[in-house]
$ cat input-v8.tsv   # TSV, C-alpha atoms and all ligand atoms
chain	number	residue	atom	x	y	z
M	1	LEU	CA	89.47	-43.16	-92.17
M	2	LEU	CA	86.00	-42.87	-90.63
M	3	ARG	CA	84.40	-42.77	-94.08
M	4	SER	CA	85.73	-46.27	-94.74
M	5	ASN	CA	83.17	-47.44	-92.12
M	6	LEU	CA	85.83	-49.85	-90.84
M	7	VAL	CA	86.46	-47.96	-87.61
M	8	ARG	CA	84.61	-49.39	-84.62
M	9	LEU	CA	86.07	-47.25	-81.84
M	10	VAL	CA	87.50	-43.74	-81.87
M	11	ALA	CA	89.73	-43.07	-78.85
M	12	VAL	CA	90.55	-39.51	-77.91
M	13	SER	CA	92.01	-37.56	-74.99
M	14	ALA	CA	89.69	-34.96	-73.53
M	15	ALA	CA	92.61	-32.66	-72.69
M	16	SER	CA	96.24	-32.63	-73.73
M	17	ASN	CA	98.69	-33.47	-70.95
M	18	VAL	CA	101.29	-31.43	-72.85
M	19	THR	CA	99.55	-28.20	-73.83
M	20	GLY	CA	96.34	-28.22	-71.77
M	21	ALA	CA	94.32	-27.84	-74.99
M	22	LEU	CA	90.81	-29.22	-74.75
M	23	THR	CA	89.31	-31.54	-77.36
M	24	ASP	CA	85.76	-30.93	-78.51
M	25	ILE	CA	84.78	-34.47	-77.49
M	26	HIS	CA	81.13	-34.02	-78.49
M	27	LEU	CA	82.10	-33.01	-82.01
M	28	VAL	CA	84.33	-36.11	-82.27
M	29	ALA	CA	81.46	-38.19	-80.84
M	30	ARG	CA	79.07	-36.85	-83.48
M	31	LEU	CA	81.52	-37.73	-86.27
M	32	ALA	CA	82.24	-41.19	-84.85
M	33	HIS	CA	78.54	-42.03	-84.51
M	34	GLN	CA	77.79	-40.69	-87.98
M	35	TYR	CA	80.10	-43.38	-89.38
M	36	GLY	CA	78.92	-46.21	-87.14
M	37	ALA	CA	81.79	-46.05	-84.64
M	38	GLU	CA	81.69	-45.58	-80.88
M	39	ILE	CA	83.83	-43.15	-78.88
M	40	PHE	CA	86.17	-43.71	-75.95
M	41	VAL	CA	87.31	-40.62	-74.06
M	42	ASP	CA	90.40	-40.57	-71.85
M	43	ALA	CA	89.33	-37.95	-69.33
M	44	SER	CA	92.31	-38.31	-66.97
M	45	GLN	CA	93.53	-34.79	-67.60
M	46	LEU	CA	90.09	-33.20	-67.61
M	47	VAL	CA	88.20	-34.69	-64.72
M	48	ALA	CA	89.59	-32.41	-62.00
M	49	HIS	CA	89.27	-29.29	-64.14
M	50	ARG	CA	86.09	-29.16	-66.21
M	51	PRO	CA	82.69	-30.89	-66.04
M	52	ILE	CA	82.12	-33.84	-68.37
M	53	ILE	CA	78.62	-34.46	-69.66
M	54	ARG	CA	78.02	-37.90	-71.08
M	55	LYS	CA	74.66	-37.04	-72.76
M	56	SER	CA	71.85	-39.50	-73.41
M	57	LYS	CA	72.29	-42.50	-75.69
M	58	ASN	CA	69.86	-40.96	-78.23
M	59	ASP	CA	72.01	-37.85	-78.59
M	60	PRO	CA	74.53	-38.27	-81.45
M	61	GLU	CA	77.05	-36.40	-79.28
M	62	HIS	CA	76.91	-38.89	-76.40
M	63	ILE	CA	80.06	-40.45	-74.99
M	64	ASP	CA	80.04	-44.26	-75.08
M	65	PHE	CA	83.10	-44.95	-72.92
M	66	LEU	CA	84.96	-42.72	-70.52
M	67	ALA	CA	87.94	-43.46	-68.29
M	68	PHE	CA	90.02	-41.55	-65.77
M	69	SER	CA	92.51	-42.20	-62.96
M	70	GLY	CA	91.63	-41.33	-59.38
M	71	HIS	CA	95.04	-39.81	-58.67
M	72	LYS	CA	94.44	-37.19	-61.35
M	73	MET	CA	91.63	-35.79	-59.22
M	74	TYR	CA	93.36	-35.66	-55.86
M	75	ALA	CA	92.38	-39.21	-54.77
M	76	PRO	CA	95.07	-41.78	-53.88
M	77	PHE	CA	96.92	-43.88	-56.44
M	78	GLY	CA	95.73	-47.30	-57.50
M	79	LEU	CA	92.17	-46.69	-58.61
M	80	GLY	CA	90.66	-45.77	-61.94
M	81	VAL	CA	87.17	-45.47	-63.34
M	82	LEU	CA	85.70	-46.84	-66.56
M	83	VAL	CA	82.24	-45.57	-67.41
M	84	ALA	CA	80.27	-47.63	-69.95
M	85	ASN	CA	76.83	-49.07	-70.46
M	86	LYS	CA	76.15	-52.17	-68.37
M	87	SER	CA	75.47	-54.23	-71.51
M	88	CYS	CA	79.22	-54.11	-72.35
M	89	PHE	CA	80.08	-56.06	-69.22
M	90	LYS	CA	77.47	-58.80	-69.60
M	91	GLU	CA	79.18	-60.93	-72.23
M	92	GLY	CA	82.44	-62.87	-72.21
M	93	TRP	CA	84.73	-63.13	-69.25
M	94	PRO	CA	85.03	-60.43	-66.62
M	95	ASP	CA	88.15	-58.28	-66.84
M	96	VAL	CA	89.47	-59.84	-63.63
M	97	ALA	CA	88.10	-63.31	-62.92
M	98	GLY	CA	88.40	-63.97	-59.22
M	99	GLY	CA	86.69	-64.11	-55.86
M	100	GLY	CA	83.13	-62.84	-56.04
M	101	THR	CA	82.81	-62.92	-59.83
M	102	ILE	CA	81.56	-66.52	-60.02
M	103	SER	CA	78.21	-68.02	-59.00
M	104	MET	CA	79.27	-71.62	-59.67
M	105	ILE	CA	81.90	-73.76	-61.42
M	106	ASP	CA	81.10	-77.24	-62.71
M	107	GLY	CA	84.12	-78.68	-64.55
M	108	ASN	CA	84.68	-76.27	-67.47
M	109	ASP	CA	81.29	-74.69	-66.98
M	110	VAL	CA	81.30	-71.29	-65.28
M	111	ILE	CA	78.25	-69.34	-64.23
M	112	TRP	CA	79.31	-65.75	-63.70
M	113	SER	CA	77.69	-63.56	-61.05
M	114	ASP	CA	75.47	-60.64	-61.99
M	115	LEU	CA	76.87	-57.15	-62.24
M	116	PRO	CA	78.46	-55.43	-60.41
M	117	ALA	CA	79.94	-58.51	-58.62
M	118	ARG	CA	80.87	-60.00	-62.02
M	119	GLU	CA	83.34	-57.14	-62.59
M	120	SER	CA	84.57	-56.87	-59.00
M	121	GLY	CA	87.09	-59.72	-58.74
M	122	GLY	CA	89.00	-59.91	-55.46
M	123	THR	CA	88.69	-57.70	-52.43
M	124	PRO	CA	87.67	-54.22	-53.55
M	125	ASN	CA	89.93	-51.22	-52.95
M	126	TYR	CA	87.56	-49.75	-50.33
M	127	PRO	CA	89.81	-46.88	-49.14
M	128	GLY	CA	90.44	-45.93	-52.78
M	129	VAL	CA	86.76	-45.90	-53.69
M	130	ILE	CA	85.77	-43.91	-50.61
M	131	SER	CA	88.58	-41.36	-51.14
M	132	LEU	CA	87.62	-40.98	-54.79
M	133	ALA	CA	84.01	-40.28	-53.82
M	134	VAL	CA	85.19	-37.69	-51.27
M	135	ALA	CA	87.47	-36.06	-53.87
M	136	ALA	CA	84.64	-35.94	-56.42
M	137	THR	CA	82.24	-34.43	-53.89
M	138	GLN	CA	84.78	-31.79	-52.88
M	139	ILE	CA	85.52	-30.82	-56.48
M	140	LYS	CA	81.78	-30.49	-57.07
M	141	GLN	CA	81.35	-28.38	-53.93
M	142	PHE	CA	84.25	-26.19	-54.95
M	143	GLY	CA	82.62	-25.74	-58.36
M	144	TYR	CA	83.99	-26.13	-61.87
M	145	GLU	CA	83.32	-22.47	-62.70
M	146	GLN	CA	85.57	-21.42	-59.83
M	147	ILE	CA	88.25	-23.93	-60.89
M	148	LYS	CA	88.16	-22.58	-64.44
M	149	ALA	CA	88.43	-18.98	-63.24
M	150	HIS	CA	91.34	-19.95	-60.98
M	151	GLU	CA	93.18	-21.62	-63.88
M	152	HIS	CA	92.62	-18.61	-66.11
M	153	GLU	CA	94.12	-16.40	-63.40
M	154	LEU	CA	97.18	-18.69	-63.24
M	155	THR	CA	97.47	-18.65	-67.03
M	156	THR	CA	97.40	-14.84	-67.10
M	157	MET	CA	100.06	-14.76	-64.40
M	158	PHE	CA	102.22	-17.24	-66.34
M	159	ARG	CA	101.87	-15.18	-69.52
M	160	ASN	CA	102.86	-11.99	-67.71
M	161	THR	CA	105.81	-13.47	-65.86
M	162	VAL	CA	107.44	-16.73	-67.04
M	163	ALA	CA	106.47	-16.36	-70.70
M	164	SER	CA	107.98	-12.90	-70.94
M	165	ILE	CA	111.44	-13.96	-69.68
M	166	GLU	CA	114.03	-13.76	-72.43
M	167	GLY	CA	115.31	-17.28	-73.04
M	168	ILE	CA	112.04	-19.03	-72.14
M	169	THR	CA	110.19	-20.68	-75.01
M	170	VAL	CA	106.60	-21.69	-74.29
M	171	TYR	CA	105.09	-24.48	-76.39
M	172	ARG	CA	101.43	-23.54	-76.20
M	173	GLN	CA	99.17	-20.67	-77.01
M	174	LEU	CA	98.86	-18.02	-74.31
M	175	GLU	CA	97.71	-14.99	-76.32
M	176	ASN	CA	94.45	-14.49	-78.21
M	177	MET	CA	93.13	-17.83	-77.11
M	178	ASN	CA	89.79	-18.69	-78.67
M	179	HIS	CA	89.63	-21.98	-76.83
M	180	ASP	CA	89.67	-22.79	-73.16
M	181	HIS	CA	92.94	-24.42	-71.98
M	182	LEU	CA	93.98	-25.99	-68.68
M	183	ALA	CA	96.74	-24.35	-66.63
M	184	ILE	CA	99.45	-26.64	-68.05
M	185	PHE	CA	102.58	-24.93	-69.35
M	186	PRO	CA	105.24	-26.71	-71.42
M	187	PHE	CA	108.45	-24.74	-71.93
M	188	SER	CA	112.19	-24.85	-72.33
M	189	ALA	CA	114.80	-22.55	-70.77
M	190	LYS	CA	117.56	-21.28	-73.02
M	191	ASP	CA	119.67	-24.22	-74.17
M	192	TYR	CA	119.46	-26.04	-70.83
M	193	HIS	CA	118.57	-29.72	-70.96
M	194	HIS	CA	114.97	-30.17	-69.76
M	195	ALA	CA	116.05	-32.59	-67.02
M	196	LEU	CA	118.62	-30.10	-65.73
M	197	VAL	CA	115.96	-27.40	-65.48
M	198	GLY	CA	113.76	-29.85	-63.56
M	199	ALA	CA	116.62	-30.81	-61.24
M	200	PHE	CA	117.52	-27.17	-60.60
M	201	LEU	CA	113.91	-26.20	-59.83
M	202	GLY	CA	113.39	-29.19	-57.55
M	203	THR	CA	116.74	-29.19	-55.77
M	204	GLU	CA	117.43	-25.49	-55.34
M	205	LYS	CA	113.94	-23.99	-55.40
M	206	ALA	CA	111.62	-26.75	-54.12
M	207	ILE	CA	109.47	-26.36	-57.23
M	208	GLY	CA	108.17	-29.61	-58.69
M	209	VAL	CA	107.80	-29.84	-62.45
M	210	ARG	CA	107.70	-32.78	-64.83
M	211	THR	CA	110.27	-33.02	-67.59
M	212	GLY	CA	110.82	-35.20	-70.64
M	213	HIS	CA	108.69	-36.55	-73.44
M	214	LEU	CA	105.51	-36.65	-71.30
M	215	CYS	CA	104.60	-39.86	-73.18
M	216	GLN	CA	103.75	-37.69	-76.22
M	217	PHE	CA	106.73	-38.61	-78.37
M	218	SER	CA	105.52	-37.26	-81.68
M	219	LEU	CA	104.32	-33.89	-80.36
M	220	VAL	CA	107.24	-33.22	-78.00
M	221	SER	CA	109.86	-34.23	-80.60
M	222	LYS	CA	108.44	-31.54	-82.88
M	223	PHE	CA	108.53	-28.90	-80.16
M	224	THR	CA	112.11	-29.16	-79.10
M	225	ALA	CA	115.44	-30.25	-80.35
M	226	VAL	CA	117.48	-29.21	-77.33
M	227	THR	CA	119.89	-32.02	-77.99
M	228	GLN	CA	120.99	-31.36	-81.54
M	229	ILE	CA	121.40	-34.94	-82.69
M	230	SER	CA	119.58	-36.79	-85.40
M	231	LYS	CA	116.76	-39.16	-84.59
M	232	GLU	CA	118.82	-42.06	-85.94
M	233	VAL	CA	121.69	-41.35	-83.52
M	234	LEU	CA	119.19	-40.88	-80.71
M	235	LYS	CA	117.48	-44.20	-81.47
M	236	SER	CA	120.81	-45.99	-81.53
M	237	GLU	CA	121.71	-44.47	-78.14
M	238	LEU	CA	118.35	-45.43	-76.65
M	239	ASN	CA	118.75	-48.98	-77.97
M	240	ARG	CA	121.94	-49.11	-75.89
M	241	GLY	CA	120.12	-47.78	-72.80
M	242	LEU	CA	121.60	-44.26	-73.04
M	243	LYS	CA	118.86	-41.73	-72.41
M	244	HIS	CA	120.90	-38.59	-71.81
M	245	ASN	CA	120.13	-37.04	-75.23
M	246	MET	CA	116.42	-37.77	-75.18
M	247	PHE	CA	114.30	-34.82	-76.27
M	248	GLY	CA	111.83	-33.28	-73.87
M	249	VAL	CA	110.23	-30.21	-72.38
M	250	VAL	CA	109.70	-28.88	-68.88
M	251	ARG	CA	106.06	-28.86	-67.81
M	252	ALA	CA	104.49	-26.88	-65.01
M	253	SER	CA	101.01	-28.31	-64.40
M	254	CYS	CA	98.86	-26.30	-62.05
M	255	GLY	CA	95.81	-27.33	-60.13
M	256	LEU	CA	93.78	-26.43	-57.08
M	257	GLY	CA	96.86	-26.38	-54.86
M	258	ASN	CA	98.62	-23.65	-56.81
M	259	THR	CA	98.40	-19.90	-56.41
M	260	ALA	CA	99.53	-16.99	-58.53
M	261	ALA	CA	102.42	-16.59	-56.03
M	262	ASP	CA	103.71	-20.03	-57.10
M	263	ILE	CA	103.94	-18.81	-60.69
M	264	VAL	CA	105.90	-15.77	-59.51
M	265	LEU	CA	108.34	-18.05	-57.64
M	266	LEU	CA	108.75	-20.14	-60.78
M	267	SER	CA	109.41	-17.03	-62.80
M	268	GLU	CA	112.03	-15.77	-60.32
M	269	ALA	CA	113.75	-19.15	-60.29
M	270	LEU	CA	113.91	-19.31	-64.09
M	271	THR	CA	115.17	-15.74	-64.33
M	272	GLU	CA	117.98	-16.68	-61.94
M	273	LEU	CA	118.79	-19.86	-63.88
M	274	ILE	CA	119.04	-18.00	-67.17
M	275	ALA	CA	121.09	-15.15	-65.71
M	276	LYS	CA	123.49	-17.08	-63.47
M	277	GLY	CA	123.06	-20.80	-64.10
M	278	PRO	CA	122.48	-23.32	-61.31
M	279	ARG	CA	124.39	-22.96	-58.03
M	280	ALA	CA	124.89	-26.69	-57.52
M	281	THR	CA	126.96	-28.95	-59.72
M	282	TYR	CA	124.80	-31.50	-61.50
M	283	LEU	CA	125.90	-34.74	-63.09
M	284	GLN	CA	123.75	-36.51	-65.63
M	285	ASN	CA	123.34	-40.29	-65.45
M	286	THR	CA	122.56	-42.65	-68.32
M	287	ASP	CA	118.85	-42.45	-67.47
M	288	GLY	CA	119.11	-38.80	-68.43
M	289	ASP	CA	118.45	-37.52	-64.88
M	290	TYR	CA	120.60	-34.80	-63.34
M	291	LEU	CA	121.62	-35.21	-59.72
M	292	ALA	CA	123.22	-32.48	-57.60
M	293	VAL	CA	126.62	-33.41	-56.21
M	294	GLY	CA	127.25	-32.57	-52.55
M	295	TRP	CA	124.34	-30.15	-52.41
M	296	GLU	CA	123.15	-29.08	-48.97
M	297	PRO	CA	119.87	-27.15	-48.95
M	298	ASP	CA	119.95	-23.77	-47.23
M	299	THR	CA	117.57	-24.71	-44.42
M	300	THR	CA	117.60	-21.20	-42.94
M	301	SER	CA	115.32	-20.09	-45.75
M	302	PHE	CA	112.67	-22.73	-45.00
M	303	HIS	CA	109.84	-21.76	-42.69
M	304	PHE	CA	107.78	-24.57	-41.22
M	401	LIG	C1	95.71	-38.18	-70.60
M	401	LIG	C2	96.29	-39.25	-69.69
M	401	LIG	N1	95.77	-40.47	-69.71
M	401	LIG	C3	96.27	-41.45	-68.92
M	401	LIG	C4	97.30	-41.22	-68.06
M	401	LIG	C5	97.87	-42.35	-67.23
M	401	LIG	O1	97.20	-42.51	-66.09
M	401	LIG	P1	97.79	-43.54	-65.01
M	401	LIG	O2	98.84	-42.80	-64.26
M	401	LIG	O3	96.63	-43.88	-64.15
M	401	LIG	O4	98.31	-44.71	-65.74
M	401	LIG	C6	97.88	-39.97	-68.00
M	401	LIG	C7	99.02	-39.75	-67.07
M	401	LIG	O5	99.73	-38.81	-67.06
M	401	LIG	C8	97.36	-38.94	-68.83
M	401	LIG	O6	97.89	-37.71	-68.80
$ encode --input "input-v8.tsv" --output "structure tokens"
Amino acid sequence: LLRSNLVRLVAVSAASNVTGALTDIHLVARLAHQYGAEIFVDASQLVAHRPIIRKSKNDPEHIDFLAFSGHKMYAPFGLGVLVANKSCFKEGWPDVAGGGTISMIDGNDVIWSDLPARESGGTPNYPGVISLAVAATQIKQFGYEQIKAHEHELTTMFRNTVASIEGITVYRQLENMNHDHLAIFPFSAKDYHHALVGAFLGTEKAIGVRTGHLCQFSLVSKFTAVTQISKEVLKSELNRGLKHNMFGVVRASCGLGNTAADIVLLSEALTELIAKGPRATYLQNTDGDYLAVGWEPDTTSFHF
């Protein structure tokens, strides 16, 4: 495709939100530039875990555009970052035309403000920006080398505990890894529906995981066929708003807040699920979610 010289922008994720695999973004950048394209990197999954070096414009491995969401690096929701050369923002209309972006209007004639006001329509999200700066500073102070070492420790713990449970299938490489991965673990448990595993872990064990297609339909559909129906039947169900047979995985995504002890708790919970099944009764709704019926948490086991 690149050789056709018709591609203007190559967009790539810096890290997989399903497997934690890292993309060699500088290799992709070199290839894109070789064929006259630019590169956009979605760094949402990477920014809190590994350093990102943009490199100078003269370097064929430089990154032209980079974006990430603040909430992926421990800042509040509602703020994202787009990194690009200033020249990109100087032509055409601003992304959001509003208060502060305009120097003057005369009939249909608009004189836009200079940057950065030109791209800052409306009242800025001050608390978001300040929190993001604090989060970035703290991650830097903590140190990416330490974060990487911590994630490798969690990965080793996952491999030695959860991954060795009979009935657990892990959908990523954990052994003989030649490439660095984030501490993200997609798996399924026996023939339990992914949403039931998530509901069990959340309701009975206070362990938060994400379940489902993880917005990676093609990859996740290849991983798991927990619901043994054809894609045609599934599509027809989804067209009627019935999501209960949707394919998916369970994903444990670890970060700075997790310890090796958390992985052990996850492993114990999954061992119990596979051996005895859930304690609560769960009913699935048409959205595919499982909800516990009449479940009262055992508050005596919580210590505040
Ligand atoms: C790689 C990647 N890009 C983008 C997003 C979406 O970010 P946002 O929640 O800000 O829309 C996600 C969210 O999970 C993600 O994993």
$ residues_near_ligand --input "input-v8.tsv" --ligand "ligand LIG 401 (chain M)" --cutoff "12 Å" --atoms "all atoms listed in the file" --output "ChimeraX atom specification"
/M:11-23,40-48,66-73,75-82,184,210,213-216,251,253
$ write_last_selection --input "input-v8.tsv" --atoms "C-alpha atoms" --output "CSV table (one decimal), in the coordinates of the input"
chain,number,residue,atom,x,y,z
M,11,ALA,CA,89.7,-43.1,-78.8
M,12,VAL,CA,90.6,-39.5,-77.9
M,13,SER,CA,92.0,-37.6,-75.0
M,14,ALA,CA,89.7,-35.0,-73.5
M,15,ALA,CA,92.6,-32.7,-72.7
M,16,SER,CA,96.2,-32.6,-73.7
M,17,ASN,CA,98.7,-33.5,-71.0
M,18,VAL,CA,101.3,-31.4,-72.8
M,19,THR,CA,99.6,-28.2,-73.8
M,20,GLY,CA,96.3,-28.2,-71.8
M,21,ALA,CA,94.3,-27.8,-75.0
M,22,LEU,CA,90.8,-29.2,-74.8
M,23,THR,CA,89.3,-31.5,-77.4
M,40,PHE,CA,86.2,-43.7,-76.0
M,41,VAL,CA,87.3,-40.6,-74.1
M,42,ASP,CA,90.4,-40.6,-71.8
M,43,ALA,CA,89.3,-38.0,-69.3
M,44,SER,CA,92.3,-38.3,-67.0
M,45,GLN,CA,93.5,-34.8,-67.6
M,46,LEU,CA,90.1,-33.2,-67.6
M,47,VAL,CA,88.2,-34.7,-64.7
M,48,ALA,CA,89.6,-32.4,-62.0
M,66,LEU,CA,85.0,-42.7,-70.5
M,67,ALA,CA,87.9,-43.5,-68.3
M,68,PHE,CA,90.0,-41.6,-65.8
M,69,SER,CA,92.5,-42.2,-63.0
M,70,GLY,CA,91.6,-41.3,-59.4
M,71,HIS,CA,95.0,-39.8,-58.7
M,72,LYS,CA,94.4,-37.2,-61.4
M,73,MET,CA,91.6,-35.8,-59.2
M,75,ALA,CA,92.4,-39.2,-54.8
M,76,PRO,CA,95.1,-41.8,-53.9
M,77,PHE,CA,96.9,-43.9,-56.4
M,78,GLY,CA,95.7,-47.3,-57.5
M,79,LEU,CA,92.2,-46.7,-58.6
M,80,GLY,CA,90.7,-45.8,-61.9
M,81,VAL,CA,87.2,-45.5,-63.3
M,82,LEU,CA,85.7,-46.8,-66.6
M,184,ILE,CA,99.4,-26.6,-68.0
M,210,ARG,CA,107.7,-32.8,-64.8
M,213,HIS,CA,108.7,-36.6,-73.4
M,214,LEU,CA,105.5,-36.6,-71.3
M,215,CYS,CA,104.6,-39.9,-73.2
M,216,GLN,CA,103.8,-37.7,-76.2
M,251,ARG,CA,106.1,-28.9,-67.8
M,253,SER,CA,101.0,-28.3,-64.4
$ atom_distance --input "input-v8.tsv" --atom1 "CA of Tyr171 in chain M" --atom2 "CA of Ala29 in chain M"
27.7 Å
$ residues_near_point --input "input-v8.tsv" --point "(122.3, -33.2, -58.6)" --cutoff "7 Å" --atoms "all atoms listed in the file" --output "list in words"
Ala199, Thr281, Tyr282, Leu283, Tyr290, Leu291, Ala292 and Val293 of chain M
$ write_last_selection --input "input-v8.tsv" --atoms "C-alpha atoms" --output "PDB file, in the frame of the given file"
ATOM      1  CA  ALA M 199     116.620 -30.810 -61.240  1.00  0.00           C
ATOM      2  CA  THR M 281     126.960 -28.950 -59.720  1.00  0.00           C
ATOM      3  CA  TYR M 282     124.800 -31.500 -61.500  1.00  0.00           C
ATOM      4  CA  LEU M 283     125.900 -34.740 -63.090  1.00  0.00           C
ATOM      5  CA  TYR M 290     120.600 -34.800 -63.340  1.00  0.00           C
ATOM      6  CA  LEU M 291     121.620 -35.210 -59.720  1.00  0.00           C
ATOM      7  CA  ALA M 292     123.220 -32.480 -57.600  1.00  0.00           C
ATOM      8  CA  VAL M 293     126.620 -33.410 -56.210  1.00  0.00           C
TER       9      VAL M 293
END
$ atom_distance --input "input-v8.tsv" --atom1 "CA of Leu174 in chain M" --atom2 "CA of Ser188 in chain M"
15.1 Å
$ residues_around --input "input-v8.tsv" --residues "Asp59 in chain M" --least-positions-apart "6" --cutoff "12 Å" --atoms "only C-alpha atoms" --output "VMD selection string"
chain M and resid 26 to 27 29 to 30 33 to 34 53
$ residues_near_point --input "input-v8.tsv" --point "(101.4, -20.6, -61.4)" --cutoff "9 Å" --atoms "all atoms listed in the file" --output "PyMOL selection string"
chain M and resi 151+153-155+157-158+183+252-255+258-267
$ atom_distance --input "input-v8.tsv" --atom1 "CA of Ile139 in chain M" --atom2 "CA of Tyr126 in chain M"
20.0 Å
$ closest_residue --input "input-v8.tsv" --among "M:Val197, M:Thr271, M:Tyr74, M:Arg3" --to "Val134 in chain M" --atoms "all atoms listed in the file"
M:Tyr74
$ residues_around --input "input-v8.tsv" --residues "Leu273 in chain M" --least-positions-apart "4" --cutoff "12 Å" --atoms "only C-alpha atoms" --output "list in words"
Ile165, Glu166, Gly167, Ile168, Ser188, Ala189, Lys190, Asp191, Tyr192, Leu196, Val197, Gly198, Ala199, Phe200, Leu201, Glu204, Lys205, Leu266, Ser267, Glu268, Ala269, Gly277, Pro278, Arg279 and Ala280 of chain M
$ closest_residue --input "input-v8.tsv" --among "M:His194, M:Arg54, M:His49, M:Lys231" --to "Asp180 in chain M" --atoms "all atoms listed in the file"
M:His49
$ closest_residue --input "input-v8.tsv" --among "M:Glu61, M:Glu38, M:Glu272, M:Asp114" --to "Lys90 in chain M" --atoms "all atoms listed in the file"
M:Asp114
$ closest_residue --input "input-v8.tsv" --among "M:Asn245, M:Ala195, M:Val129, M:Phe185" --to "Val162 in chain M" --atoms "all atoms listed in the file"
M:Phe185
$ residues_around --input "input-v8.tsv" --residues "Phe223 in chain M" --least-positions-apart "3" --cutoff "10 Å" --atoms "all atoms listed in the file" --output "PyMOL selection string"
chain M and resi 169-172+186-188+218-220+226+247-249
$ residues_around --input "input-v8.tsv" --residues "Glu91 in chain M" --least-positions-apart "3" --cutoff "12 Å" --atoms "all atoms listed in the file" --output "number ranges by chain"
M: 86-88, 94-95, 111-115, 118-119
$ build_atoms --input "input-v8.tsv" --residues "range 181-186 of chain M" --atoms "all heavy atoms" --output "tab-separated table (two decimals), keeping the file's coordinate frame"
chain	number	residue	atom	x	y	z
M	181	HIS	N	91.81	-23.51	-72.22
M	181	HIS	CA	92.94	-24.42	-71.98
M	181	HIS	C	93.06	-24.65	-70.47
M	181	HIS	O	92.70	-23.79	-69.68
M	181	HIS	CB	94.27	-23.77	-72.41
M	181	HIS	CG	94.58	-23.86	-73.85
M	181	HIS	ND1	93.75	-23.39	-74.82
M	181	HIS	CD2	95.68	-24.34	-74.50
M	181	HIS	CE1	94.31	-23.59	-76.01
M	181	HIS	NE2	95.48	-24.16	-75.84
M	182	LEU	N	93.66	-25.77	-70.09
M	182	LEU	CA	93.98	-25.99	-68.68
M	182	LEU	C	95.27	-25.25	-68.35
M	182	LEU	O	96.02	-24.86	-69.25
M	182	LEU	CB	94.17	-27.49	-68.40
M	182	LEU	CG	93.03	-28.41	-68.84
M	182	LEU	CD1	93.33	-29.84	-68.43
M	182	LEU	CD2	91.70	-27.96	-68.25
M	183	ALA	N	95.54	-25.09	-67.04
M	183	ALA	CA	96.74	-24.35	-66.63
M	183	ALA	C	97.96	-25.28	-66.64
M	183	ALA	O	98.56	-25.61	-65.62
M	183	ALA	CB	96.53	-23.74	-65.25
M	184	ILE	N	98.30	-25.75	-67.84
M	184	ILE	CA	99.45	-26.64	-68.05
M	184	ILE	C	100.40	-25.90	-68.99
M	184	ILE	O	99.97	-25.44	-70.05
M	184	ILE	CB	98.99	-27.96	-68.70
M	184	ILE	CG1	98.14	-28.75	-67.70
M	184	ILE	CG2	100.19	-28.78	-69.16
M	184	ILE	CD1	97.60	-30.05	-68.27
M	185	PHE	N	101.66	-25.79	-68.59
M	185	PHE	CA	102.58	-24.93	-69.35
M	185	PHE	C	103.86	-25.67	-69.72
M	185	PHE	O	104.73	-25.88	-68.88
M	185	PHE	CB	102.92	-23.68	-68.53
M	185	PHE	CG	101.71	-22.98	-67.99
M	185	PHE	CD1	101.44	-23.01	-66.62
M	185	PHE	CD2	100.82	-22.34	-68.83
M	185	PHE	CE1	100.31	-22.38	-66.11
M	185	PHE	CE2	99.68	-21.72	-68.34
M	185	PHE	CZ	99.43	-21.74	-66.97
M	186	PRO	N	103.99	-26.08	-70.98
M	186	PRO	CA	105.24	-26.71	-71.42
M	186	PRO	C	106.22	-25.64	-71.91
M	186	PRO	O	105.83	-24.73	-72.63
M	186	PRO	CB	104.78	-27.59	-72.59
M	186	PRO	CG	103.55	-26.93	-73.12
M	186	PRO	CD	102.97	-26.06	-72.04
